[in-house]
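Structure data follow from protein_38.cif (mmCIF, C-alpha atoms and all ligand atoms):
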data_input
loop_
_atom_site.label_atom_id
_atom_site.label_comp_id
_atom_site.auth_asym_id
_atom_site.auth_seq_id
_atom_site.Cartn_x
_atom_site.Cartn_y
_atom_site.Cartn_z
CA MET F 1 3.48 -23.65 -10.56
CA ALA F 2 3.22 -21.30 -7.56
CA PRO F 3 6.21 -18.92 -7.27
CA VAL F 4 8.71 -19.71 -4.48
CA PRO F 5 12.15 -18.26 -3.62
CA SER F 6 15.05 -20.54 -4.51
CA LEU F 7 17.59 -19.46 -1.82
CA PRO F 8 17.22 -18.81 1.93
CA ILE F 9 17.50 -15.06 2.47
CA LYS F 10 18.49 -12.84 5.40
CA VAL F 11 16.07 -9.99 6.01
CA GLY F 12 17.06 -8.96 9.55
CA HIS F 13 14.54 -8.10 12.25
CA ILE F 14 11.23 -6.82 10.97
CA ASP F 15 9.27 -4.89 13.60
CA ASP F 16 5.52 -5.40 13.66
CA VAL F 17 4.22 -1.86 13.16
CA GLN F 18 1.10 -2.34 15.29
CA GLU F 19 3.33 -3.31 18.22
CA LEU F 20 5.58 -0.32 17.54
CA ARG F 21 2.55 1.92 17.56
CA LYS F 22 1.40 0.55 20.92
CA ALA F 23 4.70 1.74 22.41
CA LYS F 24 3.94 5.23 20.93
CA PRO F 25 7.54 6.42 20.45
CA ALA F 26 7.97 10.04 19.25
CA THR F 27 10.13 8.85 16.40
CA VAL F 28 10.30 5.68 14.37
CA PRO F 29 13.10 3.10 13.98
CA GLU F 30 15.76 3.95 11.42
CA ARG F 31 14.76 1.09 9.11
CA PHE F 32 11.43 2.80 8.39
CA ILE F 33 12.89 6.25 7.71
CA ARG F 34 13.05 6.94 3.99
CA ASP F 35 15.76 8.75 2.10
CA MET F 36 14.89 12.43 1.62
CA ALA F 37 13.78 12.01 -2.02
CA ASP F 38 11.38 9.18 -1.17
CA ARG F 39 9.60 10.87 1.75
CA PRO F 40 5.97 11.85 1.22
CA LYS F 41 4.93 15.49 1.37
CA VAL F 42 2.30 15.84 4.07
CA VAL F 43 -0.39 18.17 2.68
CA PRO F 44 -3.97 18.83 3.85
CA ASN F 45 -6.39 16.43 2.25
CA LEU F 46 -8.42 18.64 -0.02
CA SER F 47 -10.38 17.14 -2.85
CA SER F 48 -8.86 18.46 -6.06
CA SER F 49 -9.73 18.63 -9.71
CA LEU F 50 -7.30 15.75 -10.07
CA ASP F 51 -9.68 13.01 -8.96
CA ILE F 52 -9.54 9.58 -10.56
CA PRO F 53 -12.43 8.78 -12.94
CA ILE F 54 -15.66 7.20 -11.73
CA ILE F 55 -17.28 4.42 -13.77
CA ASP F 56 -20.84 3.23 -13.29
CA LEU F 57 -20.92 -0.51 -13.90
CA SER F 58 -24.72 -0.58 -14.24
CA LYS F 59 -24.36 1.76 -17.26
CA LEU F 60 -21.52 -0.32 -18.72
CA MET F 61 -23.70 -3.40 -18.47
CA LYS F 62 -26.25 -1.71 -20.71
CA THR F 63 -23.32 -1.09 -23.08
CA ASP F 64 -23.86 2.66 -22.68
CA LYS F 65 -21.45 4.08 -25.32
CA ASP F 66 -20.47 7.13 -23.24
CA GLU F 67 -19.62 4.95 -20.28
CA VAL F 68 -17.51 2.62 -22.45
CA MET F 69 -15.66 5.73 -23.72
CA GLN F 70 -15.11 6.92 -20.14
CA LEU F 71 -13.73 3.50 -19.26
CA LYS F 72 -11.34 3.70 -22.21
CA THR F 73 -10.14 7.16 -21.15
CA ALA F 74 -9.75 6.03 -17.54
CA CYS F 75 -7.59 3.06 -18.59
CA GLU F 76 -5.51 5.09 -21.05
CA GLU F 77 -4.94 8.19 -18.99
CA TRP F 78 -5.18 7.08 -15.37
CA GLY F 79 -4.86 3.28 -15.13
CA PHE F 80 -7.19 3.71 -12.17
CA PHE F 81 -10.91 4.31 -11.65
CA GLN F 82 -13.54 3.92 -8.97
CA VAL F 83 -16.45 1.67 -9.84
CA LEU F 84 -19.95 2.43 -8.63
CA ASN F 85 -22.87 -0.03 -8.73
CA HIS F 86 -20.35 -2.87 -8.84
CA GLY F 87 -23.00 -5.45 -8.02
CA ILE F 88 -21.35 -6.85 -4.89
CA ASP F 89 -23.80 -6.96 -2.02
CA LEU F 90 -22.87 -4.29 0.52
CA ASN F 91 -23.10 -6.85 3.34
CA VAL F 92 -20.36 -8.87 1.64
CA VAL F 93 -18.20 -5.75 1.40
CA GLU F 94 -18.88 -4.91 5.05
CA ASP F 95 -18.24 -8.48 6.23
CA ILE F 96 -14.80 -8.74 4.65
CA GLU F 97 -13.81 -5.43 6.18
CA ASN F 98 -14.95 -6.62 9.60
CA VAL F 99 -13.09 -9.94 9.48
CA ALA F 100 -9.95 -8.24 8.17
CA LYS F 101 -10.10 -5.70 10.99
CA ASP F 102 -10.82 -8.42 13.56
CA PHE F 103 -7.84 -10.40 12.29
CA PHE F 104 -5.43 -7.46 12.56
CA MET F 105 -6.72 -6.66 16.06
CA LEU F 106 -5.85 -10.16 17.35
CA PRO F 107 -2.86 -10.47 19.70
CA LEU F 108 0.43 -10.68 17.82
CA GLN F 109 0.98 -14.24 19.06
CA GLU F 110 -2.26 -15.36 17.38
CA LYS F 111 -1.40 -13.65 14.06
CA GLN F 112 2.08 -15.12 14.12
CA LYS F 113 0.55 -18.59 13.84
CA TYR F 114 0.30 -17.70 10.14
CA PRO F 115 3.77 -16.31 9.39
CA MET F 116 4.90 -15.05 6.03
CA ALA F 117 8.27 -16.80 5.69
CA PRO F 118 11.08 -14.52 4.45
CA GLY F 119 10.98 -14.24 0.68
CA THR F 120 7.44 -15.65 0.37
CA VAL F 121 4.18 -13.77 -0.15
CA GLN F 122 1.50 -15.66 1.75
CA GLY F 123 0.70 -15.22 5.44
CA TYR F 124 1.09 -12.44 8.02
CA GLY F 125 4.11 -10.12 7.91
CA GLN F 126 5.88 -7.91 5.37
CA ALA F 127 6.25 -9.09 1.81
CA PHE F 128 8.93 -7.98 -0.66
CA VAL F 129 11.76 -7.70 1.90
CA PHE F 130 14.89 -9.37 0.57
CA SER F 131 17.84 -7.86 2.44
CA GLU F 132 18.88 -6.65 5.88
CA ASN F 133 19.37 -3.07 4.78
CA GLN F 134 16.13 -2.64 2.82
CA LYS F 135 13.79 0.08 4.10
CA LEU F 136 10.55 -1.22 5.61
CA ASP F 137 6.95 -0.16 5.00
CA TRP F 138 4.74 1.07 7.86
CA CYS F 139 2.28 -1.73 7.16
CA ASN F 140 1.25 -5.16 8.38
CA MET F 141 0.11 -7.45 5.58
CA PHE F 142 -1.87 -10.63 5.47
CA ALA F 143 -1.88 -12.26 2.01
CA LEU F 144 -3.45 -15.47 0.77
CA GLY F 145 -3.68 -17.26 -2.55
CA VAL F 146 -7.34 -18.03 -3.26
CA GLU F 147 -7.81 -19.49 -6.75
CA PRO F 148 -7.17 -21.93 -8.27
CA PRO F 149 -7.16 -24.26 -5.24
CA CYS F 150 -3.59 -25.43 -5.98
CA ILE F 151 -2.16 -22.02 -4.94
CA ARG F 152 -3.96 -22.10 -1.58
CA ASN F 153 -1.85 -22.63 1.48
CA THR F 154 -4.73 -23.65 3.73
CA LYS F 155 -2.46 -23.79 6.80
CA LEU F 156 -2.33 -20.02 6.55
CA TRP F 157 -6.12 -19.54 6.49
CA PRO F 158 -6.79 -18.41 10.07
CA SER F 159 -9.23 -20.07 12.45
CA LYS F 160 -9.85 -16.69 14.14
CA PRO F 161 -12.01 -14.75 13.61
CA VAL F 162 -14.26 -17.79 13.22
CA ASN F 163 -16.03 -16.48 10.12
CA PHE F 164 -12.82 -15.44 8.32
CA ARG F 165 -12.57 -18.37 5.88
CA GLU F 166 -16.22 -18.42 4.89
CA THR F 167 -16.32 -14.64 4.49
CA LEU F 168 -13.21 -14.64 2.30
CA GLU F 169 -14.69 -17.42 0.12
CA ILE F 170 -17.91 -15.47 -0.42
CA TYR F 171 -16.10 -12.18 -1.04
CA SER F 172 -13.62 -13.75 -3.46
CA ARG F 173 -16.38 -15.40 -5.48
CA GLU F 174 -18.09 -12.02 -5.90
CA VAL F 175 -14.87 -10.16 -6.74
CA ARG F 176 -14.02 -12.85 -9.31
CA LYS F 177 -17.35 -12.21 -11.06
CA LEU F 178 -16.68 -8.48 -10.98
CA CYS F 179 -13.22 -8.94 -12.53
CA LYS F 180 -14.66 -11.05 -15.35
CA THR F 181 -17.35 -8.43 -16.02
CA LEU F 182 -14.87 -5.55 -15.98
CA LEU F 183 -12.51 -7.42 -18.31
CA LYS F 184 -15.40 -7.94 -20.70
CA TYR F 185 -16.03 -4.18 -20.95
CA ILE F 186 -12.32 -3.41 -21.01
CA ALA F 187 -12.13 -5.68 -24.07
CA VAL F 188 -15.14 -3.92 -25.62
CA SER F 189 -13.51 -0.54 -24.95
CA LEU F 190 -10.47 -1.74 -26.94
CA GLY F 191 -12.69 -2.75 -29.85
CA LEU F 192 -12.10 -6.45 -29.09
CA LYS F 193 -14.51 -9.34 -28.54
CA GLY F 194 -15.93 -9.27 -25.00
CA ASP F 195 -14.68 -12.75 -24.11
CA VAL F 196 -11.10 -12.31 -25.32
CA PHE F 197 -9.50 -12.16 -21.85
CA GLU F 198 -11.71 -14.86 -20.35
CA GLU F 199 -10.73 -17.17 -23.21
CA MET F 200 -7.05 -16.27 -22.97
CA PHE F 201 -6.60 -16.40 -19.16
CA GLY F 202 -7.51 -20.06 -18.51
CA VAL F 203 -8.35 -20.61 -14.83
CA ALA F 204 -7.41 -17.20 -13.50
CA VAL F 205 -5.14 -16.80 -10.48
CA GLN F 206 -6.67 -14.78 -7.67
CA ALA F 207 -4.98 -13.65 -4.46
CA VAL F 208 -5.96 -11.31 -1.66
CA ARG F 209 -3.78 -9.00 0.38
CA MET F 210 -5.08 -7.21 3.44
CA ASN F 211 -2.98 -4.18 4.39
CA TYR F 212 -3.22 -2.55 7.81
CA TYR F 213 -1.46 0.75 8.40
CA PRO F 214 -1.55 1.92 12.03
CA PRO F 215 -1.16 5.65 12.74
CA CYS F 216 2.45 6.79 12.64
CA SER F 217 3.94 9.59 14.76
CA ARG F 218 6.08 10.69 11.76
CA PRO F 219 4.05 10.25 8.54
CA ASP F 220 6.48 12.68 6.89
CA LEU F 221 9.37 10.21 7.24
CA VAL F 222 7.83 6.85 6.32
CA LEU F 223 5.79 5.16 3.61
CA GLY F 224 2.85 2.85 4.26
CA LEU F 225 3.56 0.92 1.08
CA SER F 226 6.48 1.47 -1.30
CA PRO F 227 5.79 2.76 -4.83
CA HIS F 228 4.92 -0.10 -7.19
CA SER F 229 2.70 -1.18 -10.02
CA ASP F 230 0.65 -4.37 -9.56
CA GLY F 231 1.70 -7.55 -11.38
CA SER F 232 -1.89 -8.61 -11.91
CA ALA F 233 -4.12 -8.07 -14.93
CA LEU F 234 -6.66 -6.23 -12.79
CA THR F 235 -6.67 -5.21 -9.12
CA VAL F 236 -9.76 -4.55 -6.99
CA LEU F 237 -9.03 -2.40 -3.95
CA GLN F 238 -11.47 -1.86 -1.12
CA GLN F 239 -10.66 0.95 1.28
CA GLY F 240 -11.85 0.58 4.88
CA LYS F 241 -14.91 2.70 5.74
CA ASP F 242 -13.30 4.97 8.32
CA SER F 243 -9.79 4.63 7.01
CA SER F 244 -7.42 7.53 6.43
CA VAL F 245 -6.90 8.69 2.85
CA GLY F 246 -3.66 6.89 2.05
CA LEU F 247 -3.59 5.60 -1.52
CA GLN F 248 -1.72 7.89 -3.93
CA ILE F 249 -1.15 7.40 -7.63
CA LEU F 250 1.61 8.93 -9.69
CA LYS F 251 0.21 11.22 -12.39
CA GLY F 252 3.10 12.79 -14.27
CA GLN F 253 5.31 14.02 -11.43
CA THR F 254 2.47 14.40 -8.92
CA TRP F 255 1.28 11.97 -6.26
CA VAL F 256 -2.51 12.25 -6.45
CA PRO F 257 -4.51 11.03 -3.41
CA VAL F 258 -7.47 8.76 -4.09
CA GLN F 259 -10.44 10.18 -2.20
CA PRO F 260 -12.60 7.29 -0.97
CA ILE F 261 -16.18 7.27 -2.29
CA THR F 262 -18.82 5.51 -0.23
CA ASN F 263 -19.69 2.09 -1.68
CA ALA F 264 -17.23 2.37 -4.55
CA LEU F 265 -14.33 0.02 -5.22
CA VAL F 266 -11.03 1.19 -6.68
CA ILE F 267 -9.93 -0.69 -9.80
CA ASN F 268 -6.51 -0.54 -11.38
CA ILE F 269 -4.88 -1.92 -14.47
CA GLY F 270 -1.97 -4.24 -13.66
CA ASP F 271 1.25 -4.97 -15.55
CA THR F 272 -0.33 -7.90 -17.39
CA LEU F 273 -2.98 -5.74 -19.09
CA GLU F 274 -0.35 -3.14 -19.88
CA VAL F 275 1.60 -5.81 -21.75
CA LEU F 276 -1.45 -7.32 -23.46
CA THR F 277 -2.57 -3.90 -24.70
CA ASN F 278 0.96 -3.04 -25.83
CA GLY F 279 1.04 -0.13 -23.36
CA LYS F 280 -2.26 1.41 -24.48
CA TYR F 281 -3.75 0.78 -21.02
CA LYS F 282 -1.37 1.74 -18.23
CA SER F 283 -0.34 -0.04 -15.06
CA VAL F 284 0.20 3.05 -12.98
CA GLU F 285 2.66 3.43 -10.12
CA HIS F 286 1.05 3.93 -6.72
CA ARG F 287 1.92 3.92 -3.02
CA ALA F 288 0.32 4.33 0.38
CA VAL F 289 1.12 6.98 2.97
CA THR F 290 0.31 6.97 6.68
CA HIS F 291 -1.51 9.35 9.00
CA LYS F 292 -0.55 10.75 12.40
CA GLU F 293 -3.78 9.83 14.19
CA ARG F 294 -5.79 7.56 11.92
CA ASP F 295 -5.31 4.02 10.75
CA ARG F 296 -6.00 2.57 7.32
CA LEU F 297 -7.20 -0.79 6.09
CA SER F 298 -7.23 -1.90 2.48
CA ILE F 299 -8.37 -5.22 1.05
CA VAL F 300 -6.78 -5.87 -2.29
CA THR F 301 -7.57 -8.60 -4.81
CA PHE F 302 -5.09 -9.45 -7.57
CA TYR F 303 -6.63 -11.13 -10.61
CA ALA F 304 -4.27 -12.59 -13.20
CA PRO F 305 -4.05 -15.26 -15.91
CA SER F 306 -3.19 -18.88 -15.17
CA TYR F 307 0.56 -19.44 -14.60
CA ASP F 308 0.61 -21.72 -17.66
CA ILE F 309 -0.18 -19.14 -20.29
CA GLU F 310 2.27 -17.44 -22.61
CA LEU F 311 1.45 -13.82 -23.28
CA GLY F 312 2.59 -10.70 -25.07
CA PRO F 313 1.00 -7.72 -26.81
CA MET F 314 -2.17 -8.70 -28.68
CA ALA F 315 -1.76 -8.61 -32.45
CA GLU F 316 -4.75 -6.23 -32.81
CA LEU F 317 -2.88 -3.59 -30.79
CA VAL F 318 0.43 -3.73 -32.62
CA ASP F 319 0.99 -1.88 -35.91
CA GLU F 320 3.44 0.46 -37.58
CA LYS F 321 2.40 3.38 -35.37
CA ASN F 322 2.42 1.18 -32.27
CA PRO F 323 5.37 -1.15 -32.58
CA CYS F 324 5.61 -4.07 -30.19
CA ARG F 325 6.90 -2.79 -26.81
CA TYR F 326 7.00 -6.04 -24.79
CA ARG F 327 8.35 -9.52 -25.46
CA ARG F 328 6.34 -12.70 -25.04
CA TYR F 329 6.78 -14.61 -21.78
CA ASN F 330 5.18 -17.19 -19.52
CA HIS F 331 2.94 -15.61 -16.87
CA GLY F 332 4.18 -18.01 -14.15
CA GLU F 333 7.70 -16.70 -14.79
CA TYR F 334 6.53 -13.11 -14.47
CA SER F 335 4.74 -13.94 -11.19
CA LYS F 336 7.94 -15.47 -9.87
CA HIS F 337 9.94 -12.45 -10.98
CA TYR F 338 7.40 -10.11 -9.36
CA VAL F 339 7.32 -11.81 -5.96
CA THR F 340 11.09 -12.31 -5.74
CA ASN F 341 11.97 -8.63 -6.19
CA LYS F 342 11.40 -5.67 -3.91
CA LEU F 343 8.66 -3.19 -4.84
CA GLN F 344 10.44 -0.72 -7.08
CA GLY F 345 8.04 1.51 -8.92
CA LYS F 346 7.57 0.38 -12.50
CA ARG F 347 10.96 -1.29 -12.69
CA THR F 348 9.59 -4.82 -12.27
CA LEU F 349 8.05 -4.60 -15.71
CA ASP F 350 11.48 -4.17 -17.29
CA PHE F 351 11.31 -7.99 -17.31
CA ALA F 352 9.11 -7.72 -20.40
CA LYS F 353 10.08 -4.38 -21.98
CA ILE F 354 11.73 -4.31 -25.36
CA GLN F 355 14.24 -1.48 -25.12
CA SER F 356 13.67 0.77 -28.11
CA LYS F 357 16.74 2.33 -29.75
CA THR F 358 15.53 5.84 -28.93
CA SER F 359 14.56 5.24 -25.28
CA ASN F 360 17.12 5.87 -22.52
C1 LIG F 401 2.00 -10.07 -0.79
O1 LIG F 401 1.59 -10.59 -2.00
C2 LIG F 401 1.40 -9.81 -3.05
O2 LIG F 401 1.47 -8.64 -2.93
C3 LIG F 401 1.10 -10.42 -4.32
C4 LIG F 401 1.02 -11.82 -4.32
C5 LIG F 401 0.04 -12.53 -4.81
C6 LIG F 401 0.03 -13.96 -4.86
C7 LIG F 401 -0.23 -14.71 -3.72
C8 LIG F 401 -0.49 -14.11 -2.39
C9 LIG F 401 -0.29 -16.18 -3.76
C10 LIG F 401 0.27 -16.79 -4.99
C11 LIG F 401 -0.14 -16.03 -6.19
C12 LIG F 401 0.25 -14.57 -6.23
C13 LIG F 401 1.70 -14.38 -6.67
C14 LIG F 401 -0.62 -13.86 -7.24
C15 LIG F 401 0.92 -9.63 -5.39
O3 LIG F 401 0.48 -10.19 -6.52
C16 LIG F 401 0.58 -9.59 -7.75
C17 LIG F 401 1.77 -10.07 -8.45
C18 LIG F 401 1.40 -10.80 -9.52
C19 LIG F 401 2.25 -11.41 -10.57
C20 LIG F 401 0.00 -10.86 -9.51
O4 LIG F 401 -0.67 -11.45 -10.31
O5 LIG F 401 -0.48 -10.12 -8.48
O1 LIG F 402 -3.52 0.50 0.78
C1 LIG F 402 -3.59 0.86 -0.37
O2 LIG F 402 -4.47 1.60 -0.76
C2 LIG F 402 -2.56 0.39 -1.38
C3 LIG F 402 -2.56 -1.09 -1.56
C4 LIG F 402 -1.83 -1.57 -2.77
O3 LIG F 402 -1.48 -0.82 -3.66
C5 LIG F 402 -1.53 -3.00 -2.90
O4 LIG F 402 -1.80 -3.76 -1.96
O5 LIG F 402 -1.01 -3.40 -3.97
FE FE F 403 -0.86 -2.00 -5.45
#
Output the file's structure as structure tokens, nothing else.
Amino acid sequence: MAPVPSLPIKVGHIDDVQELRKAKPATVPERFIRDMADRPKVVPNLSSSLDIPIIDLSKLMKTDKDEVMQLKTACEEWGFFQVLNHGIDLNVVEDIENVAKDFFMLPLQEKQKYPMAPGTVQGYGQAFVFSENQKLDWCNMFALGVEPPCIRNTKLWPSKPVNFRETLEIYSREVRKLCKTLLKYIAVSLGLKGDVFEEMFGVAVQAVRMNYYPPCSRPDLVLGLSPHSDGSALTVLQQGKDSSVGLQILKGQTWVPVQPITNALVINIGDTLEVLTNGKYKSVEHRAVTHKERDRLSIVTFYAPSYDIELGPMAELVDEKNPCRYRRYNHGEYSKHYVTNKLQGKRTLDFAKIQSKTSN
């Protein structure tokens, strides 16, 4: 069953950030201004030695042992990597970026024909806002359920730009194939049979979220997207070609920027794989920051098991040295839990954590 909120909720007025930007105020409304501790440090964007790993899918597909090892290290130590030679035609990648951009550039009135109702996650607006005093992200979102067909709300699939629907169908088909391929090698890297996730997931749930972050006069005060981990098994993130560097991942205590690489896609491990691997592969906290002059577009696909399945740490990854860290649960329930709570770092996964006696 698709997750829905059970009670009507009051979220107050949510400004559309593109409209705010058009007015070009020197400061930003109070509701976007973060508490001191949550504000991003604005530092020059220098490439550092702390860059997320790069994985070449064409090498993985030849079961190159070194590449499988690199994948394992990426999933254990970073929870993020960029994939090169991902096999998706570059025209498909370019087309989705163009229709996403064209959609966000439509007049507000046109976009508001597809509203994200308070407390829901599909349509145009801001997701994860559940109260009148919650801080807002400097981001406009457009999210749609794609697969299986029963999660689609076709009334929210826009008629403009005219090629939006067809382009999203083609893109989603390709990304679905990529997710299946990556999950195969992720299984191999864990020493498991390549088809273990495909067999376990049933008809996988797939959703897309397009995030548009206009420039912000005070990037030091706001966040583009609040810190969170993804609820999916795997996430595929495409950064717009001329977009600002905005994605940051939390490595230890440091927010590390993800430097875009031409023609690469960013992949991250979601909460579901963290649970299945008993914490061996990490769903890492990340956020987006804004830029004073430049905008940012990201197109994000969430790939997850069918709502019907029950899951928990796989028996092969639990032993005396690695005691079971998560309980078993129904994935539909976790999806509902995820989409009915605000983004709050890694806290959403407390839903499944078994509190060990020694942890605080
Ligand atoms: C704004 O939406 C999200 O960020 C989001 C929602 C995804 C979904 C839809 C848009 C349609 C119905 C299915 C689903 C809940 C996946 C994030 O999704 C994460 C959270 C879970 C759980 C997941 O699998 O991806
Ligand atoms: O824009 C980005 O890079 C971050 C997007 C993201 O993390 C998400 O949509 O879940
Ligand atoms: Fe994310």
If you count only C-alpha atoms and all ligand atoms, which residues end up within 6 Å of ligand LIG 402 (chain F), as a short mmCIF file (atom, residue, chain, number, x, y, z; two decimals) with C-alpha atoms, keeping the file's coordinate frame?
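Everything below was put into selection-v4.cif:
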data_model
loop_
_atom_site.label_atom_id
_atom_site.label_comp_id
_atom_site.auth_asym_id
_atom_site.auth_seq_id
_atom_site.Cartn_x
_atom_site.Cartn_y
_atom_site.Cartn_z
CA ASN F 211 -2.98 -4.18 4.39
CA ASP F 230 0.65 -4.37 -9.56
CA LEU F 247 -3.59 5.60 -1.52
CA ARG F 287 1.92 3.92 -3.02
CA ALA F 288 0.32 4.33 0.38
CA SER F 298 -7.23 -1.90 2.48
CA VAL F 300 -6.78 -5.87 -2.29
#
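Take the candidates F:Gly270, F:Gly252, F:Gly145, F:Pro227 and check each one against ligand LIG 401 (chain F) using all atoms listed in the file; the shortest distance goes to F:Gly145.
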Would you compute the distance between CA of Asp350 (chain F) and CA of Glu320 (chain F)? Give it in Å to one decimal.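 Atom-to-atom, CA of Asp350 (chain F) to CA of Glu320 (chain F), that is 22.3 Å.
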Show which residues sit within 7 Å of region 174-188 of chain F, as a VMD selection string. Count all atoms listed in the file, and ignore same-chain residues fewer than 4 positions away. chain F and resid 88 170 192 to 198
Enumerate residues in contact with ligand LIG 401 (chain F): an atom-to-atom distance of at most 9 Å, counting all atoms listed in the file. Format the result as a PyMOL selection string. chain F and resi 2-4+116+120-123+125-128+141-147+151-153+205-210+229-235+270-272+300-305+331-339
Closest to Phe130 (chain F) among F:Val28, F:Val236, F:Ile9, F:Leu108, using only C-alpha atoms?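 With only C-alpha atoms as the atom set, the closest residue is F:Ile9.
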